[in-house]
Amino acid sequence: FEKEAWQDTWTVASEWKDADQMGEWKWVVPKHMEEGHGLKTGQDARFYSITAPLDTEVSNQGKELIISYTVKHEQDLDCGGAYIKLVPGGFDAKKFGGDTPYAIMFGPDICGTSTRKTHVIMTYKGENLLTKKSIRCETDNKSHRYTLTISPDNTYEVKVDGKKVESGSLADDFDFLEPKKIKDPKAKKPADWVDEAKIPDPEDKKPEGWDDVPEKIPDPEAAKPEDWDDEEDGEWEAPMIDN
């Protein structure tokens with residue numbers, strides 16, 4: 001975003017939400033930097049979305065697909081995401097938002113202390129497939145580069161600041177393939193099936209004298225303290241324990 005006229009290339013999704021819900025992008029030099037520009041979200045608790053067309057249609061057939069970009073949270077983030085999406089053509093850029101179909105969604109997501117991860121989501125046959133792994137993200141106020149590489153051998157790798165944080169097989173970590181085994185749709189519960197894992201033994205009987213046995217008894221190993229004074233402290237009795 002080195003050019004101040006960045007909107008010549010990028011389109012702000014101004015019609016995605018009502019005007020009072022949308023935030024304003026600002027073209028700024030990041031904090032603690034003397035040069036270089038980036039886009040900054042101008043207000044807290046607002047929606048932001050921009051898109052830009054690629055020069056050519058992307059195909060990773062027989063080669064690596066690499067998505068890489070830099071994110072910087074200049075303040076402590078309570079809840080928000082900074083995703084990048086690879087989107088098929090034919091959408092309305094002015095209305096581009098969370099419901100717009102995409103091919104790949106990638107990037108950090110932070111919400112409180114419970115959600116702090118890097119999303120890797122791929123769309124297949126109309127379904128958004130999330131990775132089965134929990135991939136960490138950075139939560140400080142520094143700049144971080146997130147990189148996703150998808151290789152022709154159906155593997156992927158996620159790097160943060162050039163260091164691998166996760167990798168694996170697309171077949172293993174995403175539900176692209178049908179499961180090898182499924183529940184038999186024709187199977188039925190047997191008529192004599194009992195849902196309870198355990199039941200009282202119908203042949204068990206209460207031992208004779210059970211009701212006469214006390215639940216608590218004096219501790220036979222307890223001893224009267226040497227400094228116990230019957231006149232001052234009363235008659236000493238051993239503490240009770242489970243029988």
# chains A, B, ... in the order shown; residues from 1 in each chain; ligands from 1
call {"tool": "residues_around", "arguments": {"residues": "stretch 218-224 of chain A", "least_positions_apart": "4", "cutoff": "8 Å", "atoms": "only C-alpha atoms", "output": "ChimeraX atom specification"}}
result
/A:228,236-241
call {"tool": "residues_around", "arguments": {"residues": "A:Gly23", "least_positions_apart": "5", "cutoff": "12 Å", "atoms": "only C-alpha atoms", "output": "list in words"}}
result
Val12, Ala13, Ser14, Glu15, Trp16, Lys17, Asp18, Lys40, Thr41, Gly42, Gln43, Asp44, Ala45, Arg46, Phe47, Tyr48, Ser49 and Ile50 of chain A
call {"tool": "closest_residue", "arguments": {"among": "A:Leu129, A:Ile84, A:Ile67, A:Ala191", "to": "A:Asp109", "atoms": "only C-alpha atoms"}}
result
A:Ile84
call {"tool": "closest_residue", "arguments": {"among": "A:Asp153, A:Glu34, A:Glu127, A:Asp172", "to": "A:Gln61", "atoms": "only C-alpha atoms"}}
result
A:Asp153
call {"tool": "select_by_dssp", "arguments": {"residues": "stretch 77-188 of chain A", "states": "helix (DSSP H, G or I)", "output": "CSV table (one decimal) with N, CA, C and O atoms, in the first residue's frame"}}
result
chain,number,residue,atom,x,y,z
A,93,ALA,N,-18.0,-6.3,-5.5
A,93,ALA,CA,-16.9,-5.9,-4.6
A,93,ALA,C,-17.5,-4.9,-3.6
A,93,ALA,O,-17.0,-4.9,-2.4
A,94,LYS,N,-18.5,-4.1,-3.9
A,94,LYS,CA,-19.0,-3.2,-2.9
A,94,LYS,C,-19.8,-3.9,-1.8
A,94,LYS,O,-19.9,-3.3,-0.7
A,95,LYS,N,-20.2,-5.2,-2.0
A,95,LYS,CA,-20.9,-5.9,-1.0
A,95,LYS,C,-20.1,-7.1,-0.5
A,95,LYS,O,-20.7,-7.9,0.2
A,170,LEU,N,-3.4,-32.5,3.3
A,170,LEU,CA,-4.8,-32.0,3.1
A,170,LEU,C,-5.8,-33.1,3.3
A,170,LEU,O,-6.9,-32.8,3.9
A,171,ALA,N,-5.5,-34.3,3.0
A,171,ALA,CA,-6.4,-35.4,3.1
A,171,ALA,C,-6.7,-35.7,4.6
A,171,ALA,O,-7.8,-36.1,5.0
A,172,ASP,N,-5.6,-35.6,5.4
A,172,ASP,CA,-5.7,-35.9,6.8
A,172,ASP,C,-6.3,-34.8,7.7
A,172,ASP,O,-7.0,-35.1,8.6
A,173,ASP,N,-5.9,-33.6,7.3
A,173,ASP,CA,-6.3,-32.4,8.2
A,173,ASP,C,-7.6,-31.7,7.7
A,173,ASP,O,-8.0,-30.8,8.4
call {"tool": "closest_residue", "arguments": {"among": "A:Thr149, A:Asp55, A:Gly112, A:Gln75", "to": "A:Lys31", "atoms": "only C-alpha atoms"}}
result
A:Gln75
call {"tool": "atom_distance", "arguments": {"atom1": "atom CA of A:Lys26", "atom2": "atom CA of A:Phe1"}}
result
10.8 Å
call {"tool": "residues_around", "arguments": {"residues": "A:Met122", "least_positions_apart": "5", "cutoff": "12 Å", "atoms": "only C-alpha atoms", "output": "list of chain:residue names"}}
result
A:Lys85, A:Leu86, A:Val87, A:Pro101, A:Tyr102, A:Ala103, A:Ile104, A:Met105, A:Phe106, A:Glu127, A:Asn128, A:Leu129, A:Leu130, A:Thr131, A:Lys132, A:Leu148, A:Ile150, A:Tyr156, A:Leu170, A:Asp173, A:Phe174, A:Asp175, A:Phe176
call {"tool": "atom_distance", "arguments": {"atom1": "atom CA of A:Asp78", "atom2": "atom CA of A:Gly97"}}
result
20.9 Å
call {"tool": "select_by_dssp", "arguments": {"residues": "stretch 142-185 of chain A", "states": "strand (DSSP E)", "output": "VMD selection string"}}
result
chain A and resid 143 to 150 155 to 160 163 to 169
call {"tool": "atom_distance", "arguments": {"atom1": "atom CA of A:Ile217", "atom2": "atom CA of A:Gly234"}}
result
20.0 Å
call {"tool": "closest_residue", "arguments": {"among": "A:Lys189, A:Lys63, A:His32, A:His119", "to": "A:Ser151", "atoms": "only C-alpha atoms"}}
result
A:Lys63
call {"tool": "residues_around", "arguments": {"residues": "A:Pro53", "least_positions_apart": "2", "cutoff": "9 Å", "atoms": "only C-alpha atoms", "output": "NGL selection string"}}
result
:A and (9-10 or 51 or 55-56 or 89)
call {"tool": "write_last_selection", "arguments": {"atoms": "all heavy atoms", "output": "PDB file, in the first residue's frame"}}
result
ATOM      1  N   THR A   9      -6.762   0.727  -6.924  1.00  0.00           N
ATOM      2  CA  THR A   9      -6.634  -0.728  -7.090  1.00  0.00           C
ATOM      3  C   THR A   9      -7.617  -1.488  -6.215  1.00  0.00           C
ATOM      4  O   THR A   9      -8.207  -2.483  -6.636  1.00  0.00           O
ATOM      5  CB  THR A   9      -5.195  -1.178  -6.747  1.00  0.00           C
ATOM      6  OG1 THR A   9      -4.270  -0.465  -7.572  1.00  0.00           O
ATOM      7  CG2 THR A   9      -5.035  -2.677  -6.959  1.00  0.00           C
ATOM      8  N   TRP A  10      -7.792  -1.016  -4.986  1.00  0.00           N
ATOM      9  CA  TRP A  10      -8.619  -1.716  -4.009  1.00  0.00           C
ATOM     10  C   TRP A  10     -10.004  -1.090  -3.907  1.00  0.00           C
ATOM     11  O   TRP A  10     -10.152   0.135  -3.966  1.00  0.00           O
ATOM     12  CB  TRP A  10      -7.942  -1.687  -2.638  1.00  0.00           C
ATOM     13  CG  TRP A  10      -6.665  -2.467  -2.599  1.00  0.00           C
ATOM     14  CD1 TRP A  10      -5.435  -2.031  -2.998  1.00  0.00           C
ATOM     15  CD2 TRP A  10      -6.503  -3.810  -2.169  1.00  0.00           C
ATOM     16  NE1 TRP A  10      -4.497  -3.018  -2.836  1.00  0.00           N
ATOM     17  CE2 TRP A  10      -5.120  -4.134  -2.313  1.00  0.00           C
ATOM     18  CE3 TRP A  10      -7.362  -4.780  -1.657  1.00  0.00           C
ATOM     19  CZ2 TRP A  10      -4.609  -5.378  -1.982  1.00  0.00           C
ATOM     20  CZ3 TRP A  10      -6.849  -6.024  -1.313  1.00  0.00           C
ATOM     21  CH2 TRP A  10      -5.497  -6.320  -1.480  1.00  0.00           C
ATOM     22  N   THR A  51     -11.255  -5.462  -1.416  1.00  0.00           N
ATOM     23  CA  THR A  51     -10.857  -6.472  -2.391  1.00  0.00           C
ATOM     24  C   THR A  51     -10.096  -5.808  -3.527  1.00  0.00           C
ATOM     25  O   THR A  51     -10.239  -4.608  -3.777  1.00  0.00           O
ATOM     26  CB  THR A  51     -12.076  -7.201  -2.983  1.00  0.00           C
ATOM     27  OG1 THR A  51     -12.926  -6.250  -3.625  1.00  0.00           O
ATOM     28  CG2 THR A  51     -12.852  -7.939  -1.908  1.00  0.00           C
ATOM     29  N   ASP A  55      -4.399 -10.025 -11.710  1.00  0.00           N
ATOM     30  CA  ASP A  55      -4.203  -9.820 -13.150  1.00  0.00           C
ATOM     31  C   ASP A  55      -4.650 -11.027 -13.962  1.00  0.00           C
ATOM     32  O   ASP A  55      -5.160 -10.893 -15.075  1.00  0.00           O
ATOM     33  CB  ASP A  55      -2.726  -9.512 -13.433  1.00  0.00           C
ATOM     34  CG  ASP A  55      -2.287  -8.200 -12.801  1.00  0.00           C
ATOM     35  OD1 ASP A  55      -3.149  -7.318 -12.631  1.00  0.00           O
ATOM     36  OD2 ASP A  55      -1.093  -8.064 -12.475  1.00  0.00           O
ATOM     37  N   THR A  56      -4.443 -12.219 -13.391  1.00  0.00           N
ATOM     38  CA  THR A  56      -4.825 -13.447 -14.075  1.00  0.00           C
ATOM     39  C   THR A  56      -5.480 -14.396 -13.085  1.00  0.00           C
ATOM     40  O   THR A  56      -5.300 -14.271 -11.870  1.00  0.00           O
ATOM     41  CB  THR A  56      -3.602 -14.150 -14.699  1.00  0.00           C
ATOM     42  OG1 THR A  56      -2.649 -14.449 -13.667  1.00  0.00           O
ATOM     43  CG2 THR A  56      -2.953 -13.275 -15.755  1.00  0.00           C
ATOM     44  N   GLY A  89     -14.101 -15.020  -9.219  1.00  0.00           N
ATOM     45  CA  GLY A  89     -14.641 -13.796  -9.791  1.00  0.00           C
ATOM     46  C   GLY A  89     -16.154 -13.816  -9.815  1.00  0.00           C
ATOM     47  O   GLY A  89     -16.808 -14.808  -9.480  1.00  0.00           O
TER      48      GLY A  89
END
